[in-house]
Each structure stands twice: as structure tokens, then as C-alpha cells.
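Okay, protein.cif is below, mmCIF, C-alpha atoms:
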```
data_upload
#
loop_
_atom_site.label_atom_id
_atom_site.label_comp_id
_atom_site.auth_asym_id
_atom_site.auth_seq_id
_atom_site.Cartn_x
_atom_site.Cartn_y
_atom_site.Cartn_z
CA MET A 1089 11.82 -9.28 33.32
CA VAL A 1090 9.10 -10.10 30.80
CA THR A 1091 10.12 -11.72 27.55
CA TYR A 1092 7.62 -11.22 24.77
CA PRO A 1093 7.08 -13.94 22.14
CA TRP A 1094 8.67 -11.97 19.31
CA GLN A 1095 11.79 -11.29 21.44
CA ALA A 1096 12.26 -14.97 22.08
CA LEU A 1097 11.77 -15.72 18.41
CA ALA A 1098 14.24 -13.10 17.33
CA ALA A 1099 16.80 -14.41 19.82
CA GLY A 1100 16.27 -18.05 18.94
CA GLY A 1101 15.92 -17.49 15.22
CA ALA A 1102 13.18 -18.54 12.87
CA ALA A 1103 14.36 -22.16 12.87
CA GLU A 1104 13.00 -22.82 16.35
CA PHE A 1105 9.75 -21.14 15.46
CA ASP A 1106 9.57 -23.28 12.33
CA ARG A 1107 10.05 -26.40 14.47
CA LYS A 1108 7.25 -25.42 16.82
CA MET A 1109 4.95 -24.41 13.99
CA SER A 1110 5.70 -27.34 11.66
CA THR A 1111 2.56 -29.04 10.47
CA THR A 1112 1.23 -31.56 8.01
CA VAL A 1113 -0.78 -30.33 5.07
CA HIS A 1114 -2.63 -32.33 2.45
CA TYR A 1115 -2.92 -31.70 -1.21
CA ALA A 1116 -5.01 -33.49 -3.77
CA THR A 1117 -3.55 -35.57 -6.61
CA GLY A 1118 -6.24 -37.14 -8.69
CA ASN A 1119 -8.53 -38.99 -6.27
CA HIS A 1120 -5.86 -39.38 -3.59
CA ARG A 1121 -4.67 -37.10 -0.81
CA ARG A 1122 -1.04 -37.12 0.25
CA PRO A 1123 0.48 -35.70 3.43
CA ALA A 1124 3.39 -33.31 3.05
CA ALA A 1125 5.36 -32.27 6.13
CA ALA A 1126 7.10 -28.92 6.01
CA GLU A 1127 9.47 -27.20 8.40
CA SER A 1128 8.26 -23.68 7.67
CA THR A 1129 5.86 -21.15 9.08
CA PHE A 1130 4.63 -20.66 5.54
CA LEU A 1131 2.49 -23.80 5.67
CA PRO A 1132 0.55 -23.11 8.88
CA ARG A 1133 -0.08 -19.59 7.66
CA ILE A 1134 -1.44 -20.95 4.40
CA SER A 1135 -3.80 -23.22 6.34
CA ILE A 1136 -5.06 -20.22 8.32
CA PHE A 1137 -5.41 -18.24 5.11
CA MET A 1138 -7.48 -21.02 3.57
CA ARG A 1139 -9.87 -21.09 6.52
CA GLN A 1140 -10.55 -17.36 6.40
CA ARG A 1141 -12.81 -17.62 3.36
CA LYS A 1142 -15.37 -20.18 2.32
CA VAL A 1143 -14.35 -20.66 -1.31
CA TRP A 1144 -10.83 -20.60 -2.73
CA PRO A 1145 -10.17 -21.44 -6.40
CA PRO A 1146 -7.89 -24.50 -6.53
CA ALA A 1147 -5.54 -22.78 -8.98
CA LEU A 1148 -5.06 -19.83 -6.59
CA LEU A 1149 -4.29 -22.09 -3.65
CA ALA A 1150 -1.94 -24.24 -5.67
CA GLY A 1151 -0.08 -21.19 -6.94
CA LEU A 1152 0.25 -19.69 -3.48
CA LEU A 1153 1.54 -22.95 -2.06
CA TRP A 1154 3.97 -23.45 -4.92
CA ARG A 1155 5.42 -19.94 -4.66
CA GLY A 1156 5.90 -20.37 -0.93
CA LEU A 1157 7.61 -23.74 -1.18
CA THR A 1158 9.89 -22.65 -4.01
CA HIS A 1159 10.93 -19.47 -2.20
CA LEU A 1160 11.46 -20.72 1.35
CA GLY A 1161 14.69 -18.73 1.67
CA THR A 1162 12.83 -15.54 0.80
CA HIS A 1163 10.07 -16.36 3.25
CA ARG A 1164 12.56 -16.97 6.07
CA LYS A 1165 14.17 -13.62 5.31
CA VAL A 1166 10.79 -11.87 5.49
CA LEU A 1167 9.83 -13.67 8.68
CA ARG A 1168 13.13 -12.97 10.45
CA PHE A 1169 12.79 -9.29 9.64
CA LEU A 1170 9.21 -9.05 10.92
CA LEU A 1171 9.99 -10.90 14.13
CA LYS A 1172 12.93 -8.62 14.98
CA LEU A 1173 10.79 -5.50 15.29
CA PRO A 1174 8.23 -5.46 18.14
CA PRO A 1175 5.43 -3.44 16.44
CA LEU A 1176 5.54 -5.68 13.37
CA ALA A 1177 5.99 -8.90 15.35
CA GLU A 1178 2.92 -8.09 17.43
CA PHE A 1179 0.93 -7.56 14.27
CA VAL A 1180 2.15 -10.81 12.70
CA PHE A 1181 1.04 -12.81 15.74
CA SER A 1182 -2.45 -11.35 15.61
CA ASN A 1183 -2.62 -11.41 11.79
CA PRO A 1184 -0.66 -14.48 10.61
CA THR A 1185 -1.38 -14.03 6.89
CA PHE A 1186 0.37 -10.64 6.95
CA ALA A 1187 3.72 -12.40 6.60
CA ILE A 1188 2.77 -14.15 3.35
CA LYS A 1189 0.77 -11.47 1.56
CA TYR A 1190 3.65 -10.75 -0.82
CA LEU A 1191 3.11 -14.23 -2.29
CA ALA A 1192 -0.28 -13.25 -3.71
CA PRO A 1193 -0.02 -13.61 -7.52
CA ARG A 1194 -0.79 -9.94 -8.24
CA TYR A 1195 0.64 -8.31 -5.13
CA LEU A 1196 1.06 -4.58 -5.91
CA ALA A 1197 1.12 -5.05 -9.68
CA ARG A 1198 0.93 -7.67 -12.38
CA ASP A 1199 4.10 -9.45 -13.52
CA LEU A 1200 6.31 -8.73 -10.52
CA THR A 1201 8.49 -11.68 -9.51
CA VAL A 1202 8.34 -13.13 -5.99
CA PRO A 1203 11.78 -11.65 -5.11
CA GLU A 1204 10.60 -8.24 -6.37
CA ARG A 1205 7.41 -8.45 -4.31
CA ALA A 1206 9.35 -9.49 -1.22
CA SER A 1207 11.81 -6.65 -1.81
CA CYS A 1208 8.95 -4.13 -1.96
CA PHE A 1209 7.30 -5.55 1.16
CA LEU A 1210 10.51 -5.51 3.17
CA TYR A 1211 11.60 -2.07 2.02
CA HIS A 1212 8.24 -0.52 2.85
CA TYR A 1213 8.25 -1.76 6.44
CA ARG A 1214 11.92 -0.97 6.98
CA ARG A 1215 11.13 2.58 5.95
CA LEU A 1216 8.04 2.88 8.14
CA TYR A 1217 9.86 1.44 11.14
CA ALA A 1218 12.69 3.94 10.72
CA ALA A 1219 10.42 6.95 10.10
CA LEU A 1220 7.56 6.49 12.57
CA PRO A 1221 7.56 6.28 16.37
CA ASP A 1222 6.57 2.79 17.54
CA GLN A 1223 3.20 3.90 18.85
CA LEU A 1224 2.30 5.62 15.59
CA LEU A 1225 3.38 2.58 13.59
CA ARG A 1226 1.17 0.37 15.76
CA ARG A 1227 -1.76 2.72 15.20
CA THR A 1228 -1.13 2.78 11.45
CA LEU A 1229 -1.31 -1.02 11.33
CA LYS A 1230 -4.51 -1.22 13.37
CA GLU A 1231 -6.55 1.88 12.55
CA ASP A 1232 -6.84 4.85 10.22
CA LEU A 1233 -5.03 8.05 11.13
CA THR A 1234 -6.74 11.37 10.47
CA LEU A 1235 -4.24 13.54 8.61
CA HIS A 1236 -6.48 16.53 7.89
CA GLU A 1237 -10.10 17.56 8.40
CA MET A 1238 -12.13 20.00 6.30
CA PRO A 1239 -15.52 20.98 7.74
CA GLU A 1240 -17.76 22.52 5.07
CA GLY A 1241 -21.33 23.42 6.01
CA ALA A 1242 -23.12 20.37 7.38
CA ASN A 1243 -20.43 17.98 6.09
CA LEU A 1244 -17.09 16.92 7.47
CA PHE A 1245 -14.53 15.90 4.88
CA ALA A 1246 -11.38 14.18 6.12
CA LEU A 1247 -8.19 12.68 4.74
CA THR A 1248 -7.15 9.53 6.57
CA MET A 1249 -4.41 6.94 6.14
CA GLY A 1250 -4.00 3.38 7.32
CA LEU A 1251 -3.08 -0.17 6.38
CA SER A 1252 -4.86 -1.19 3.19
CA ARG A 1253 -7.78 -3.44 3.99
CA PRO A 1254 -9.51 -5.60 2.95
CA TYR A 1255 -7.59 -5.49 -0.35
CA GLY A 1256 -4.10 -5.54 1.12
CA GLU A 1257 -2.52 -6.99 -2.02
CA GLU A 1258 -3.21 -3.74 -3.91
CA GLY A 1259 -0.92 -1.62 -1.75
CA GLU A 1260 0.38 -1.51 1.81
CA LEU A 1261 -1.05 1.88 2.82
CA SER A 1262 -4.20 3.66 1.71
CA LEU A 1263 -5.13 7.32 1.74
CA HIS A 1264 -8.89 7.87 2.02
CA LEU A 1265 -11.23 10.71 1.33
CA CYS A 1266 -13.92 10.36 3.99
CA VAL A 1267 -17.29 12.11 3.96
CA ASN A 1268 -18.96 12.25 7.36
CA GLY A 1269 -16.92 9.30 8.57
CA GLU A 1270 -17.48 7.08 5.51
CA ILE A 1271 -14.76 6.29 2.97
CA ALA A 1272 -15.66 7.55 -0.50
CA PHE A 1273 -12.38 7.33 -2.43
CA ILE A 1274 -9.10 5.41 -2.01
CA LEU A 1275 -5.51 5.80 -3.18
CA SER A 1276 -3.23 2.91 -2.20
CA PHE A 1277 0.56 3.11 -2.27
CA THR A 1278 3.75 1.47 -1.07
CA ILE A 1279 7.28 2.79 -0.47
CA VAL A 1280 9.46 0.66 -2.75
CA PRO A 1281 12.98 0.62 -4.22
CA GLY A 1282 13.18 2.77 -7.34
CA SER A 1283 14.60 -0.15 -9.31
CA VAL A 1284 11.15 -1.79 -9.34
CA ALA A 1285 10.02 0.87 -11.84
CA GLN A 1286 13.48 1.20 -13.44
CA SER A 1287 14.01 4.53 -11.72
CA GLN A 1288 17.41 5.92 -10.77
CA ALA A 1289 15.90 7.11 -7.48
CA GLY A 1290 16.76 5.04 -4.43
CA GLU A 1291 13.12 4.90 -3.37
CA ILE A 1292 9.75 5.90 -4.77
CA LEU A 1293 6.12 6.01 -3.76
CA LEU A 1294 4.30 3.48 -5.95
CA ILE A 1295 0.57 4.06 -6.50
CA THR A 1296 -1.22 0.76 -7.09
CA ARG A 1297 -4.91 1.56 -6.53
CA LEU A 1298 -7.03 4.61 -7.31
CA GLN A 1299 -10.73 3.98 -6.92
CA GLY A 1300 -14.02 5.36 -5.72
CA ILE A 1301 -16.12 3.23 -3.40
CA LYS A 1302 -19.11 1.57 -5.01
CA GLY A 1303 -22.31 3.42 -4.13
CA ALA A 1304 -20.45 6.52 -2.90
CA TYR A 1305 -21.19 8.73 -5.91
CA PRO A 1306 -23.35 11.19 -3.89
CA GLN A 1307 -20.52 11.64 -1.34
CA ILE A 1308 -17.92 12.00 -4.11
CA SER A 1309 -20.07 14.59 -5.88
CA ALA A 1310 -20.63 16.53 -2.64
CA ALA A 1311 -16.93 16.51 -1.86
CA THR A 1312 -15.93 17.72 -5.31
CA LYS A 1313 -18.47 20.55 -5.19
CA ALA A 1314 -17.51 21.64 -1.68
CA LEU A 1315 -13.74 21.37 -2.08
CA HIS A 1316 -13.04 23.88 -4.87
CA ASP A 1317 -14.07 21.45 -7.64
CA VAL A 1318 -10.97 19.35 -6.97
CA ALA A 1319 -11.79 15.75 -7.88
CA PRO A 1320 -11.12 13.12 -5.17
CA ALA A 1321 -8.30 11.48 -7.16
CA ALA A 1322 -6.49 14.81 -7.46
CA LEU A 1323 -7.14 15.56 -3.80
CA LEU A 1324 -5.59 12.27 -2.66
CA PHE A 1325 -2.72 12.75 -5.10
CA ALA A 1326 -1.97 16.09 -3.40
CA ALA A 1327 -2.10 14.32 -0.03
CA LEU A 1328 0.35 11.71 -1.32
CA LYS A 1329 2.78 14.44 -2.34
CA GLY A 1330 2.58 15.63 1.26
CA VAL A 1331 3.51 12.15 2.46
CA ALA A 1332 6.42 12.18 0.00
CA ASP A 1333 7.58 15.52 1.37
CA ALA A 1334 7.47 14.25 4.95
CA PHE A 1335 9.43 11.10 4.10
CA GLY A 1336 11.90 12.91 1.87
CA ILE A 1337 10.93 10.93 -1.23
CA GLY A 1338 11.47 12.73 -4.52
CA GLU A 1339 9.64 10.55 -7.05
CA ILE A 1340 6.19 9.05 -7.51
CA ALA A 1341 5.44 6.08 -9.74
CA ALA A 1342 2.13 4.45 -10.59
CA VAL A 1343 0.86 1.29 -12.23
CA SER A 1344 -0.63 1.61 -15.69
CA ALA A 1345 -4.14 0.28 -16.21
CA ALA A 1346 -2.88 -2.97 -17.71
CA ARG A 1347 -0.58 -3.65 -14.73
CA GLN A 1348 -3.16 -2.87 -12.06
CA SER A 1349 -3.89 -5.93 -9.91
CA SER A 1350 -7.62 -6.07 -10.69
CA TYR A 1351 -7.41 -5.15 -14.37
CA HIS A 1352 -9.84 -6.97 -16.65
CA ARG A 1353 -10.19 -6.50 -20.39
CA ASP A 1354 -13.98 -6.28 -20.12
CA TYR A 1355 -13.51 -3.03 -18.17
CA ALA A 1356 -10.51 -1.72 -20.09
CA ALA A 1357 -12.09 1.68 -20.79
CA PHE A 1358 -12.85 2.23 -17.10
CA PHE A 1359 -9.32 1.30 -16.03
CA GLN A 1360 -7.80 3.50 -18.74
CA GLU A 1361 -9.77 6.52 -17.55
CA ALA A 1362 -9.12 5.89 -13.86
CA TYR A 1363 -5.40 5.18 -14.21
CA ASP A 1364 -3.71 6.06 -17.52
CA ASP A 1365 -5.74 9.17 -18.29
CA PHE A 1366 -5.42 10.54 -14.76
CA PHE A 1367 -1.67 9.96 -14.48
CA ALA A 1368 -1.08 11.57 -17.87
CA GLN A 1369 -3.27 14.50 -16.83
CA VAL A 1370 -1.17 15.22 -13.72
CA GLY A 1371 2.04 15.20 -15.74
CA MET A 1372 3.39 11.67 -15.33
CA SER A 1373 4.93 9.80 -18.25
CA ILE A 1374 4.89 6.06 -18.85
CA GLY A 1375 8.01 3.96 -19.28
CA ALA A 1376 8.68 0.68 -21.04
CA THR A 1377 7.92 -1.28 -17.86
CA GLY A 1378 4.29 -0.10 -17.70
CA PHE A 1379 4.82 2.27 -14.77
CA TYR A 1380 4.10 5.98 -14.86
CA ARG A 1381 6.75 8.12 -13.19
CA SER A 1382 7.45 11.71 -12.27
CA SER A 1383 9.74 13.59 -9.96
CA ILE A 1384 8.22 15.81 -7.26
CA PRO A 1385 7.03 18.51 -7.65
CA LEU A 1386 5.07 17.72 -10.80
CA GLN A 1387 4.81 20.69 -13.10
CA GLY A 1388 1.26 21.76 -13.95
CA LYS A 1389 0.25 23.50 -17.15
CA PRO A 1390 1.60 27.09 -17.15
CA LEU A 1391 -1.11 29.64 -16.42
CA ALA A 1392 -0.35 31.31 -19.76
CA PHE A 1393 -1.86 28.26 -21.45
CA ILE A 1394 -5.03 28.30 -19.32
CA LYS A 1395 -8.10 29.62 -21.10
CA ARG A 1396 -9.29 33.10 -20.26
CA GLY A 1397 -11.91 32.95 -17.54
CA HIS A 1398 -10.41 29.79 -15.99
CA LYS A 1399 -7.18 31.23 -14.59
CA LEU A 1400 -8.65 32.41 -11.28
CA ARG A 1401 -10.35 29.08 -10.65
CA THR A 1402 -7.15 27.25 -11.59
CA LYS A 1403 -5.17 29.36 -9.11
CA GLU A 1404 -7.70 28.61 -6.37
CA LYS A 1405 -7.59 24.88 -7.05
CA ARG A 1406 -3.81 24.81 -7.05
CA ALA A 1407 -3.66 26.80 -3.81
CA PHE A 1408 -6.12 24.37 -2.20
CA LYS A 1409 -4.12 21.32 -3.30
CA GLN A 1410 -0.96 22.92 -1.94
CA GLU A 1411 -2.79 23.45 1.37
CA ILE A 1412 -3.68 19.75 1.42
CA ARG A 1413 -0.11 18.76 0.61
CA SER A 1414 1.30 20.96 3.38
CA ALA A 1415 -1.22 19.72 5.94
CA CYS A 1416 -0.45 16.04 5.27
CA ALA A 1417 3.30 16.67 5.31
CA GLY A 1418 2.93 18.59 8.56
CA PHE A 1419 1.12 15.70 10.26
CA PHE A 1420 4.19 13.47 9.90
CA GLN A 1421 6.84 16.15 10.27
CA GLU A 1422 5.43 17.09 13.65
CA LEU A 1423 5.86 13.52 14.85
CA ALA A 1424 9.18 12.76 13.13
CA PRO A 1425 11.41 13.85 16.06
CA ALA A 1426 9.89 11.06 18.17
CA ALA A 1427 11.14 8.41 15.71
CA SER A 1428 14.43 7.05 17.01
CA HIS A 1429 15.14 4.02 14.82
CA LYS A 1430 17.79 3.67 12.16
CA LEU A 1431 16.82 2.02 8.89
CA PRO A 1432 17.00 -1.69 9.86
CA LEU A 1433 18.93 -4.14 7.73
#
```
Can you present the structure in this file as C-alpha cells?
Amino acid sequence: MVTYPWQALAAGGAAEFDRKMSTTVHYATGNHRRPAAAESTFLPRISIFMRQRKVWPPALLAGLLWRGLTHLGTHRKVLRFLLKLPPLAEFVFSNPTFAIKYLAPRYLARDLTVPERASCFLYHYRRLYAALPDQLLRRTLKEDLTLHEMPEGANLFALTMGLSRPYGEEGELSLHLCVNGEIAFILSFTIVPGSVAQSQAGEILLITRLQGIKGAYPQISAATKALHDVAPAALLFAALKGVADAFGIGEIAAVSAARQSSYHRDYAAFFQEAYDDFFAQVGMSIGATGFYRSSIPLQGKPLAFIKRGHKLRTKEKRAFKQEIRSACAGFFQELAPAASHKLPL
């Protein structure tokens, strides 16, 4: 009988893993360097994280280290959960920083506490583990899944979904509009407890990134023209509603511009247009916490209020978006019977 590393860890608990992975790190104080031993997997993962890039601002590193050390109980809870489930444990061993991403200062949205971020991270992966067959979950973590393809003339437009990368702090999963195999537009989201956005719903889909790829304007323009004049953001929003249908989630929330992870005042007008204006346009309303929210389905403007001459085009666009929604829901619903896990604790 073969025992895999994550099985041994789950059986022996995180304490033994901590003992094996304990290390000595150094931090600077003035002109001196002091060793600090720690019995936690957090520290070796931080050291790996630091080596992955050439330049790290000292304040960012200090903050990450401080949040980890002051929330060791939370980190152990996250680690124990990940190591219990084979698809996630495999991914943690090949991607060590995955287990500490929730400690990033602007993970998902600005001004979330570390416990809130950990709660979102844990809930999302509990939900995926329960809803997806193991093989599909593994694929979702490692590659992009093609949910729907739309050949139009010489171009192939596709909607894909996979783990958010390289900007994993801005959402756990990303929906992409691809043009001839290249990503042109991204919508990132996470399945989180409704309480994060002060919703009465038990769970919601939280949109945390909505952005076109730099330099992809020609592809975005071609896609909009070919796909019934439906803008990429609206197209991916329709796809997200399909995901919500498949997972049985009845509410969507979204970060406001000011709470978006990458928000900067110098680009306030851009963020307002990309986030606040779009979410208001699709019928979402903002709450006191800075999150837009709406139940599904969102109600569009009644056709009686559409200008004469635009009604037919509006009907066509709505029918196309419904087609997208149904196709994306169908992708998951077809595979749902193969999922055999209960929602893990």
C-alpha cells in the first residue's frame, strides 16, 4: 500500500510537519541581523516566497511575516484543511506559497481582516472540493478549462476558467475571454460566505477583478463586433451567472473601485468606469461596506423603456448572453454527478 505525503501529514497532524519544516529565518534590526526560530510551515513558505522574485519591498515582507506570526492558529487551520484533501495537498506541495496567499495585504479586496481572508480562502476550496470531481479540481488548479467555444469567421472565441495567475491575490478563479487562444479579458471571482459583504445569503460569488489585457484592444474590439456587440465584461458576467446557476448560488457581489486590490487614486477615473459604472449598469447596488450586490437573475431594463430602433438589437444581445449563461452552467452540470464529496468541515 502506497502512502502519499499528504496522507501521512493528515494522519500525523500539522505539528509533525511543522517539526520537520522548522527553520531559522533572519530579520534586520538596525545594522544587526537576529535569528528567529519558528515551529511553523509559515516561515519556510515565506522564505520560498521571497526567493521567487528579485525585489521585495521591505514593508511588504515585514507585513507578511507579521501577519503570519500573529495568526499562527489561523495558518494551522488553513494548512490542516489543505493537507486533508488529496487534490489540494498535491497542489500545496508543488506550489508552497499557495497556503499563505490569504496573508497578502490586499487579498481579494482592501480592508479585509486576516480572519476574513482566511474564511474566504477556506470556504472557496471547501465548496470546490464538494462540487467538482477530483480530476476536474486538479485540472482547474493546473490549467484553464474551456467552458464554451464560439467560432466566428476566421476567429475562434472561447470562454475559459482556471486558477487566477499570476495575480492570485485578486481572486481564486478567473473567467477569460480568449481570442484565437490568447486571453483578452479577465473576470476574477471567489466563492465566499455572504457575511463578508453583509449579505443574508449563505454564500455569494464575489467579483474582485474585471480587466482587459494590456495590448489586447484589437482582440477585444474584434470580439465585441463579432459577438452581437456584447462587450467582454458583459460577456464574462453572463458566464459567471452560468457558474452561479451550476453551483446553486443565488447572489453575486463585487468590489467597488475603491476596494479593488490594485486601486490607485491616480487612475481613479479608470477604476470607476471599469468597476462602479459597470456594476451599476448591470443592475447591482452598492452597500455601506463598499461591495456591490444583486440577487440572480439581475433584472435588465424593461423593453418598454428601450428606445425605438434598439429593441430588436437589445433582444438579440440578451438572447446571446442567456446562451452563454446556459452553456457555462451546462459545462458544470454535466460533470456534477461525478462529484461525490460532502462539504468538508
Find the distance between CA of Ala1285 in chain A and CA of Gly1378 in chain A and write it in Å to one decimal.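 These two atoms are separated by 8.3 Å.
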Close residues, Tyr1211 in chain A itself excluded, 8 Å, all atoms listed in the file, min 2 positions apart in chain, as JSON, numbers by chain: {"A": [1207, 1208, 1209, 1213, 1214, 1215, 1279, 1280, 1281]}
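Proximity ranking of A:Glu1257, A:Asp1317, A:Glu1411, A:Glu1361 relative to Gly1330 in chain A places A:Glu1411 first, based on all atoms listed in the file.
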Please enumerate the residues selected by the PyMOL selection byres ((chain A and resi 1413) around 8) when evaluated against the supplied file, formatted as a list in words. Ala1326, Ala1327, Leu1328, Lys1329, Gly1330, Val1331, Lys1409, Gln1410, Glu1411, Ile1412, Ser1414, Ala1415, Cys1416 and Ala1417 of chain A
Report as a tab-separated table: every residue of range 1243-1333 of chain A with an atom at most 10 Å from range 1346-1349 of chain A, its closest pair of atoms, and their distance in Å to one decimal, counting all atoms listed in the file, with rows sorted by chain and ascending residue number.
```
residue	atom	partner	partner_atom	distance
A:Glu1257	CA	A:Ser1349	CA	8.1
A:Glu1258	CA	A:Ser1349	CA	6.4
A:Gly1259	CA	A:Ser1349	CA	9.7
A:Ile1295	CA	A:Gln1348	CA	9.6
A:Thr1296	CA	A:Gln1348	CA	6.5
A:Arg1297	CA	A:Gln1348	CA	7.3
A:Leu1298	CA	A:Gln1348	CA	9.7
```
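Residue nearest Asp1232 in chain A within the list A:His1264, A:Lys1430, A:Lys1405, A:His1212: A:His1264 [criterion: smallest interatomic distance, all atoms listed in the file].
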